[in-house]
>>> print(open('target.pdb').read())   # PDB, C-alpha atoms
ATOM      1  CA  MET A 163    -146.699 -99.556 106.007
ATOM      2  CA  GLY A 164    -150.413 -98.836 106.043
ATOM      3  CA  TRP A 165    -150.130 -96.294 103.236
ATOM      4  CA  SER A 166    -152.628 -95.631 100.504
ATOM      5  CA  ALA A 167    -151.535 -95.605  96.858
ATOM      6  CA  GLN A 168    -151.697 -91.800  97.059
ATOM      7  CA  ASP A 169    -149.409 -91.754 100.121
ATOM      8  CA  LEU A 170    -146.844 -93.806  98.219
ATOM      9  CA  ALA A 171    -147.207 -91.627  95.123
ATOM     10  CA  ASP A 172    -146.649 -88.531  97.276
ATOM     11  CA  ARG A 173    -143.530 -90.045  98.843
ATOM     12  CA  CYS A 174    -142.135 -90.934  95.392
ATOM     13  CA  GLU A 175    -142.695 -87.359  94.263
ATOM     14  CA  GLU A 176    -140.870 -86.087  97.379
ATOM     15  CA  LEU A 177    -137.920 -88.254  96.300
ATOM     16  CA  GLY A 178    -137.889 -86.498  92.930
ATOM     17  CA  HIS A 179    -139.460 -89.147  90.699
ATOM     18  CA  ALA A 180    -143.232 -89.014  90.409
ATOM     19  CA  ILE A 181    -145.093 -92.291  90.069
ATOM     20  CA  PRO A 182    -148.809 -91.539  89.693
ATOM     21  CA  ARG A 183    -151.329 -93.068  92.094
ATOM     22  CA  ASN A 184    -153.088 -94.946  89.275
ATOM     23  CA  VAL A 185    -149.782 -96.609  88.225
ATOM     24  CA  ILE A 186    -149.219 -97.748  91.818
ATOM     25  CA  ALA A 187    -152.806 -99.017  92.056
ATOM     26  CA  ASN A 188    -152.349-100.945  88.785
ATOM     27  CA  MET A 189    -149.143-102.521  90.124
ATOM     28  CA  GLU A 190    -150.914-103.581  93.320
ATOM     29  CA  SER A 191    -153.780-105.163  91.435
ATOM     30  CA  GLY A 192    -151.522-106.940  88.938
ATOM     31  CA  ARG A 193    -152.838-105.004  85.943
ATOM     32  CA  ARG A 194    -149.357-103.597  85.411
ATOM     33  CA  ALA A 195    -146.540-106.128  85.460
ATOM     34  CA  ASN A 196    -143.656-104.163  83.940
ATOM     35  CA  LEU A 197    -141.817-101.319  85.622
ATOM     36  CA  PRO A 198    -138.814 -99.270  84.606
ATOM     37  CA  LEU A 199    -135.839 -99.923  86.866
ATOM     38  CA  VAL A 200    -135.897 -96.317  88.092
ATOM     39  CA  ASP A 201    -139.463 -96.866  89.358
ATOM     40  CA  VAL A 202    -138.375 -99.956  91.295
ATOM     41  CA  MET A 203    -135.509 -98.013  92.853
ATOM     42  CA  VAL A 204    -137.701 -95.057  93.832
ATOM     43  CA  LEU A 205    -140.462 -97.302  95.177
ATOM     44  CA  ALA A 206    -137.900 -99.159  97.295
ATOM     45  CA  ALA A 207    -136.511 -95.894  98.675
ATOM     46  CA  ALA A 208    -140.030 -94.653  99.402
ATOM     47  CA  LEU A 209    -140.851 -97.903 101.208
ATOM     48  CA  GLU A 210    -137.465 -97.868 102.980
ATOM     49  CA  THR A 211    -136.397-101.252 101.668
ATOM     50  CA  TYR A 212    -133.959-102.653  99.127
ATOM     51  CA  PRO A 213    -134.992-102.848  95.466
ATOM     52  CA  VAL A 214    -134.259-106.585  95.402
ATOM     53  CA  CYS A 215    -136.912-107.080  98.112
ATOM     54  CA  LEU A 216    -139.538-105.721  95.715
ATOM     55  CA  ILE A 217    -138.307-107.905  92.859
ATOM     56  CA  PHE A 218    -137.992-111.092  94.926
ATOM     57  CA  PRO A 219    -140.173-110.696  98.061
ATOM     58  CA  VAL A 220    -138.618-113.461 100.158
ATOM     59  CA  GLY A 221    -140.962-114.616 102.892
ATOM     60  CA  TYR A 222    -144.039-113.164 101.189
ATOM     61  CA  VAL A 223    -144.052-115.175  97.964
ATOM     62  CA  GLU A 224    -142.898-118.778  98.117
ATOM     63  CA  GLN A 225    -142.150-119.151  94.408
ATOM     64  CA  THR A 226    -141.513-116.744  91.558
ATOM     65  CA  GLN A 227    -140.423-116.636  87.940
ATOM     66  CA  GLU A 228    -136.850-115.623  87.258
ATOM     67  CA  LEU A 229    -137.660-115.055  83.592
ATOM     68  CA  PRO A 230    -141.010-114.674  81.817
ATOM     69  CA  PHE A 231    -142.705-117.914  80.772
ATOM     70  CA  GLN A 232    -140.354-120.020  82.912
ATOM     71  CA  HIS A 233    -141.271-122.477  85.641
ATOM     72  CA  LEU A 234    -141.671-121.137  89.144
ATOM     73  CA  VAL A 235    -138.642-121.449  91.411
ATOM     74  CA  PRO A 236    -138.234-120.783  95.133
ATOM     75  CA  THR A 237    -138.052-117.027  95.677
ATOM     76  CA  TRP A 238    -135.011-117.377  97.931
ATOM     77  CA  ASP A 239    -133.088-119.242  95.206
ATOM     78  CA  ALA A 240    -134.061-116.650  92.599
ATOM     79  CA  LEU A 241    -132.883-113.828  94.858
ATOM     80  CA  ARG A 242    -129.529-115.553  95.518
ATOM     81  CA  ARG A 243    -128.917-115.993  91.795
ATOM     82  CA  PHE A 244    -129.957-112.391  91.143
ATOM     83  CA  THR A 245    -127.457-111.051  93.678
ATOM     84  CA  GLY A 246    -124.719-113.465  92.593
ATOM     85  CA  GLU A 247    -124.620-115.276  95.943
ATOM     86  CA  GLU A 248    -125.468-118.503  94.123
ATOM     87  CA  GLU A 249    -123.326-119.077  91.083
ATOM     88  CA  VAL A 250    -124.914-119.911  87.770
ATOM     89  CA  PRO A 251    -122.684-122.102  85.592
ATOM     90  CA  GLY A 252    -121.451-120.190  82.571
ATOM     91  CA  TYR A 253    -122.335-116.747  83.941
ATOM     92  CA  ASP A 254    -119.627-114.111  84.297
ATOM     93  CA  ALA A 255    -119.641-112.446  87.716
ATOM     94  CA  GLY A 256    -117.703-109.477  86.358
ATOM     95  CA  LEU A 257    -115.862-107.550  89.040
ATOM     96  CA  VAL A 258    -118.342-108.394  91.819
ATOM     97  CA  PRO A 259    -116.022-111.000  93.451
ATOM     98  CA  ASP A 260    -113.161-108.484  93.380
ATOM     99  CA  PHE A 261    -115.320-105.810  95.011
ATOM    100  CA  GLU A 262    -116.517-108.320  97.634
ATOM    101  CA  LEU A 263    -112.890-109.227  98.368
ATOM    102  CA  HIS A 264    -112.073-105.507  98.579
ATOM    103  CA  ALA A 265    -114.835-104.948 101.141
ATOM    104  CA  SER A 266    -113.654-107.951 103.156
ATOM    105  CA  LEU A 267    -110.041-106.744 103.156
ATOM    106  CA  VAL A 268    -111.116-103.255 104.225
ATOM    107  CA  ARG A 269    -113.087-104.734 107.151
ATOM    108  CA  THR A 270    -110.123-106.941 108.103
ATOM    109  CA  ALA A 271    -107.625-104.070 107.940
ATOM    110  CA  LEU A 272    -109.838-101.718 109.968
ATOM    111  CA  ALA A 273    -110.524-104.369 112.619
ATOM    112  CA  ALA A 274    -106.811-105.181 112.885
ATOM    113  CA  LEU A 275    -105.925-101.491 113.218
ATOM    114  CA  GLU A 276    -108.519-101.109 115.966
ATOM    115  CA  GLU A 277    -107.237-104.185 117.809
ATOM    116  CA  GLU A 278    -103.649-102.960 117.409
ATOM    117  CA  GLU A 279    -104.597 -99.634 118.987
ATOM    118  CA  GLN A 280    -106.331-101.384 121.894
ATOM    119  CA  ALA A 281    -103.293-103.611 122.434
ATOM    120  CA  ARG A 282    -101.014-100.535 122.327
ATOM    121  CA  PHE A 283    -103.161 -98.940 125.045
ATOM    122  CA  ALA A 284    -103.094-102.188 127.059
ATOM    123  CA  ALA A 285     -99.281-102.238 126.830
ATOM    124  CA  LYS A 286     -99.045 -98.639 128.038
ATOM    125  CA  THR A 287    -101.379 -99.260 130.973
ATOM    126  CA  ALA A 288    -100.180-102.756 131.892
ATOM    127  CA  ALA A 289     -99.798-103.416 135.604
ATOM    128  CA  SER A 290     -96.880-105.792 135.157
ATOM    129  CA  ARG A 291     -94.046-106.532 132.787
ATOM    130  CA  ALA A 292     -95.703-109.835 131.779
ATOM    131  CA  GLU A 293     -98.969-108.051 130.907
ATOM    132  CA  MET A 294     -97.040-105.435 128.940
ATOM    133  CA  GLU A 295     -95.124-108.100 126.981
ATOM    134  CA  GLU A 296     -98.334-109.992 126.188
ATOM    135  CA  ALA A 297    -100.027-106.790 125.053
ATOM    136  CA  GLU A 298     -96.985-105.997 122.878
ATOM    137  CA  ARG A 299     -97.191-109.481 121.300
ATOM    138  CA  GLN A 300    -100.865-108.887 120.573
ATOM    139  CA  ARG A 301    -100.117-105.440 119.156
ATOM    140  CA  ALA A 302     -97.471-106.889 116.836
ATOM    141  CA  LYS A 303     -99.842-109.661 115.724
ATOM    142  CA  TYR A 304    -102.584-107.181 114.855
ATOM    143  CA  ALA A 305    -100.109-104.861 113.164
ATOM    144  CA  ASP A 306     -99.011-107.764 110.956
ATOM    145  CA  GLN A 307    -102.652-108.552 110.121
ATOM    146  CA  ALA A 308    -103.279-104.922 109.172
ATOM    147  CA  ILE A 309    -100.151-104.787 107.020
ATOM    148  CA  SER A 310    -101.096-108.028 105.283
ATOM    149  CA  ALA A 311    -104.633-106.809 104.522
ATOM    150  CA  LYS A 312    -103.301-103.448 103.292
ATOM    151  CA  TYR A 313    -100.749-105.200 101.090
ATOM    152  CA  ARG A 314    -103.453-107.384  99.527
ATOM    153  CA  LEU A 315    -105.678-104.305  99.104
ATOM    154  CA  ARG A 316    -102.921-102.381  97.336
ATOM    155  CA  TYR A 317    -102.420-105.116  94.771
ATOM    156  CA  LEU A 318    -106.134-105.776  94.331
ATOM    157  CA  ARG A 319    -106.701-102.063  93.697
ATOM    158  CA  ARG A 320    -103.821-102.014  91.215
ATOM    159  CA  ASP A 321    -105.343-104.995  89.382
ATOM    160  CA  LEU A 322    -108.758-103.313  89.301
ATOM    161  CA  ARG A 323    -107.218-100.188  87.765
ATOM    162  CA  GLU A 324    -105.356-102.299  85.193
ATOM    163  CA  ASP A 325    -108.713-103.867  84.250
ATOM    164  CA  GLY A 326    -110.085-100.356  83.640
ATOM    165  CA  ALA A 327    -112.193-100.271  86.821
ATOM    166  CA  THR A 328    -112.279 -97.645  89.538
ATOM    167  CA  PRO A 329    -111.648 -99.203  92.951
ATOM    168  CA  PRO A 330    -114.033 -98.363  95.800
ATOM    169  CA  HIS A 331    -113.317 -95.433  98.077
ATOM    170  CA  LEU A 332    -111.052 -96.183 101.035
ATOM    171  CA  PRO A 333    -111.742 -94.888 104.544
ATOM    172  CA  PRO A 334    -109.213 -92.327 105.847
ATOM    173  CA  ALA A 335    -107.588 -94.893 108.158
ATOM    174  CA  LEU A 336    -106.472 -96.780 105.029
ATOM    175  CA  GLY A 337    -105.223 -93.731 103.154
ATOM    176  CA  ASP A 338    -101.743 -95.237 102.957
ATOM    177  CA  VAL A 339    -102.879 -98.237 100.891
ATOM    178  CA  ASP A 340    -102.590 -96.561  97.498
ATOM    179  CA  PRO A 341     -99.124 -95.465  96.462
ATOM    180  CA  PRO A 342     -98.755 -91.706  96.055
ATOM    181  CA  GLU A 343     -99.695 -90.355  92.640
ATOM    182  CA  PRO A 344     -96.729 -89.156  90.604
ATOM    183  CA  ASP A 345     -96.544 -85.373  90.390
ATOM    184  CA  THR A 346     -97.424 -84.683  86.749
ATOM    185  CA  ASP A 347     -96.805 -80.929  87.070
ATOM    186  CA  THR A 348     -93.054 -81.361  87.475
ATOM    187  CA  THR A 349     -90.524 -82.230  84.821
ATOM    188  CA  GLN A 350     -88.338 -85.293  85.065
ATOM    189  CA  GLU A 351     -85.362 -83.052  85.889
ATOM    190  CA  GLU A 352     -87.266 -81.495  88.813
ATOM    191  CA  ARG A 353     -88.197 -84.947  90.125
ATOM    192  CA  LEU A 354     -84.547 -86.033  90.026
TER     193      LEU A 354
END
>>> encode(input="target.pdb", output="structure tokens")
Amino acid sequence: MGWSAQDLADRCEELGHAIPRNVIANMESGRRANLPLVDVMVLAAALETYPVCLIFPVGYVEQTQELPFQHLVPTWDALRRFTGEEEVPGYDAGLVPDFELHASLVRTALAALEEEEQARFAAKTAASRAEMEEAERQRAKYADQAISAKYRLRYLRRDLREDGATPPHLPPALGDVDPPEPDTDTTQEERL
């Protein structure tokens, strides 16, 4: 970015976590090899990049060490293992696959809802009965896709909660995915 070590130090301080100029200079020169994770995160924000790009600088360093005193490996491979894109036998991915599936289902549901709305508009503005019927078929198809994705989301979110996790936030358009919370302020007699 053409910044001096002082420029970067100033930007880090603006972000609320000071990293002195001499620490940055020592990192650049290789005299300092270890950094607290918070420093990596602040440096990445200051440089407007992702923290993983500082840890595994793909395209700038051909090979890197995944662990100290290990053989060098291609930086791209190390990054993919770090992010979980490349599975490591015996490693537990935790809830990452579930959260990836959640994100995919949210994208699918939102896209289907958008397509359904466009097909609904096409049906309303159709010039002929045949065009209207085709648009209605498309609307029904997209509605089914949205319902299917929402259904899968509901059960995935339930499973996440049962595992003790908090599911990701849903956009307002998918506010009907989670079942309504029971009213805990009312007695059973009032609910009946």
>>> resolve_selection(input="target.pdb", expression="the PyMOL selection byres ((chain A and resi 271-273) around 10)", output="JSON list (two decimals) with C-alpha atoms, in the frame of the given file")
[["chain", "number", "residue", "atom", "x", "y", "z"],
["A", 265, "ALA", "CA", -114.84, -104.95, 101.14],
["A", 266, "SER", "CA", -113.65, -107.95, 103.16],
["A", 267, "LEU", "CA", -110.04, -106.74, 103.16],
["A", 268, "VAL", "CA", -111.12, -103.26, 104.22],
["A", 269, "ARG", "CA", -113.09, -104.73, 107.15],
["A", 270, "THR", "CA", -110.12, -106.94, 108.10],
["A", 274, "ALA", "CA", -106.81, -105.18, 112.88],
["A", 275, "LEU", "CA", -105.92, -101.49, 113.22],
["A", 276, "GLU", "CA", -108.52, -101.11, 115.97],
["A", 277, "GLU", "CA", -107.24, -104.18, 117.81],
["A", 278, "GLU", "CA", -103.65, -102.96, 117.41],
["A", 279, "GLU", "CA", -104.60, -99.63, 118.99],
["A", 304, "TYR", "CA", -102.58, -107.18, 114.86],
["A", 305, "ALA", "CA", -100.11, -104.86, 113.16],
["A", 306, "ASP", "CA", -99.01, -107.76, 110.96],
["A", 307, "GLN", "CA", -102.65, -108.55, 110.12],
["A", 308, "ALA", "CA", -103.28, -104.92, 109.17],
["A", 309, "ILE", "CA", -100.15, -104.79, 107.02],
["A", 310, "SER", "CA", -101.10, -108.03, 105.28],
["A", 311, "ALA", "CA", -104.63, -106.81, 104.52],
["A", 312, "LYS", "CA", -103.30, -103.45, 103.29],
["A", 313, "TYR", "CA", -100.75, -105.20, 101.09],
["A", 314, "ARG", "CA", -103.45, -107.38, 99.53],
["A", 315, "LEU", "CA", -105.68, -104.30, 99.10],
["A", 333, "PRO", "CA", -111.74, -94.89, 104.54],
["A", 335, "ALA", "CA", -107.59, -94.89, 108.16],
["A", 336, "LEU", "CA", -106.47, -96.78, 105.03]]
>>> residues_around(input="target.pdb", residues="Arg282 of chain A", least_positions_apart="4", cutoff="7 Å", atoms="all atoms listed in the file", output="list in words")
Glu278, Lys286, Ala297, Glu298 and Arg301 of chain A
>>> closest_residue(input="target.pdb", among="A:Trp165, A:Tyr212, A:Tyr317, A:Phe218", to="Val235 of chain A", atoms="all atoms listed in the file")
A:Phe218
>>> axis_aligned_box(input="target.pdb", around="segment 185-203 of chain A", padding_each_side="5 Å", output="lines of an AutoDock Vina configuration file")
center_x = -144.6
center_y = -101.6
center_z = 88.6
size_x = 28.3
size_y = 20.6
size_z = 19.4
>>> atom_distance(input="target.pdb", atom1="atom CA of Ala240 of chain A", atom2="atom CA of Glu228 of chain A")
6.1 Å
>>> residues_around(input="target.pdb", residues="Pro236 of chain A", least_positions_apart="5", cutoff="12 Å", atoms="all atoms listed in the file", output="JSON, numbers by chain")
{"A": [218, 219, 220, 221, 222, 223, 224, 225, 226, 227, 228, 241, 242, 243]}
>>> closest_residue(input="target.pdb", among="A:Thr328, A:Gln280, A:Thr237, A:Asn188", to="Ala302 of chain A", atoms="only C-alpha atoms")
A:Gln280
>>> atom_distance(input="target.pdb", atom1="atom CA of Arg316 of chain A", atom2="atom CA of Pro341 of chain A")
7.9 Å
>>> atom_distance(input="target.pdb", atom1="atom CA of Asp260 of chain A", atom2="atom CA of Leu318 of chain A")
7.6 Å
>>> residues_around(input="target.pdb", residues="segment 175-186 of chain A", least_positions_apart="4", cutoff="9 Å", atoms="only C-alpha atoms", output="ChimeraX atom specification")
/A:166-171,190-191,194,200-201,204-205,207-208
>>> residues_around(input="target.pdb", residues="Pro213 of chain A", least_positions_apart="3", cutoff="6 Å", atoms="only C-alpha atoms", output="VMD selection string")
chain A and resid 203 206 216
>>> residues_around(input="target.pdb", residues="Pro330 of chain A", least_positions_apart="2", cutoff="8 Å", atoms="all atoms listed in the file", output="list in words")
Phe261, His264, Thr328 and Leu332 of chain A
>>> build_atoms(input="target.pdb", residues="segment 253-264 of chain A", atoms="N, CA, C and O atoms", output="short mmCIF file (atom, residue, chain, number, x, y, z; two decimals), keeping the file's coordinate frame")
data_model
loop_
_atom_site.label_atom_id
_atom_site.label_comp_id
_atom_site.auth_asym_id
_atom_site.auth_seq_id
_atom_site.Cartn_x
_atom_site.Cartn_y
_atom_site.Cartn_z
N TYR A 253 -122.13 -118.18 83.79
CA TYR A 253 -122.34 -116.75 83.94
C TYR A 253 -121.03 -116.10 84.38
O TYR A 253 -120.25 -116.66 85.14
N ASP A 254 -120.80 -114.88 83.91
CA ASP A 254 -119.63 -114.11 84.30
C ASP A 254 -120.02 -113.17 85.44
O ASP A 254 -120.93 -112.36 85.29
N ALA A 255 -119.34 -113.28 86.55
CA ALA A 255 -119.64 -112.45 87.72
C ALA A 255 -119.03 -111.06 87.61
O ALA A 255 -119.22 -110.23 88.49
N GLY A 256 -118.31 -110.79 86.52
CA GLY A 256 -117.70 -109.48 86.36
C GLY A 256 -116.73 -109.18 87.48
O GLY A 256 -115.97 -110.04 87.92
N LEU A 257 -116.77 -107.97 87.97
CA LEU A 257 -115.86 -107.55 89.04
C LEU A 257 -116.47 -107.70 90.43
O LEU A 257 -115.84 -107.31 91.42
N VAL A 258 -117.68 -108.26 90.52
CA VAL A 258 -118.34 -108.39 91.82
C VAL A 258 -117.47 -109.15 92.82
O VAL A 258 -117.28 -108.69 93.96
N PRO A 259 -116.88 -110.31 92.46
CA PRO A 259 -116.02 -111.00 93.45
C PRO A 259 -114.84 -110.14 93.91
O PRO A 259 -114.47 -110.18 95.09
N ASP A 260 -114.27 -109.36 93.00
CA ASP A 260 -113.16 -108.48 93.38
C ASP A 260 -113.62 -107.41 94.36
O ASP A 260 -112.93 -107.08 95.32
N PHE A 261 -114.80 -106.84 94.12
CA PHE A 261 -115.32 -105.81 95.01
C PHE A 261 -115.71 -106.41 96.36
O PHE A 261 -115.56 -105.77 97.41
N GLU A 262 -116.22 -107.65 96.36
CA GLU A 262 -116.52 -108.32 97.63
C GLU A 262 -115.23 -108.57 98.41
O GLU A 262 -115.19 -108.35 99.63
N LEU A 263 -114.18 -109.02 97.71
CA LEU A 263 -112.89 -109.23 98.37
C LEU A 263 -112.37 -107.89 98.91
O LEU A 263 -111.85 -107.83 100.03
N HIS A 264 -112.52 -106.83 98.13
CA HIS A 264 -112.07 -105.51 98.58
C HIS A 264 -112.77 -105.13 99.88
O HIS A 264 -112.12 -104.70 100.85
#
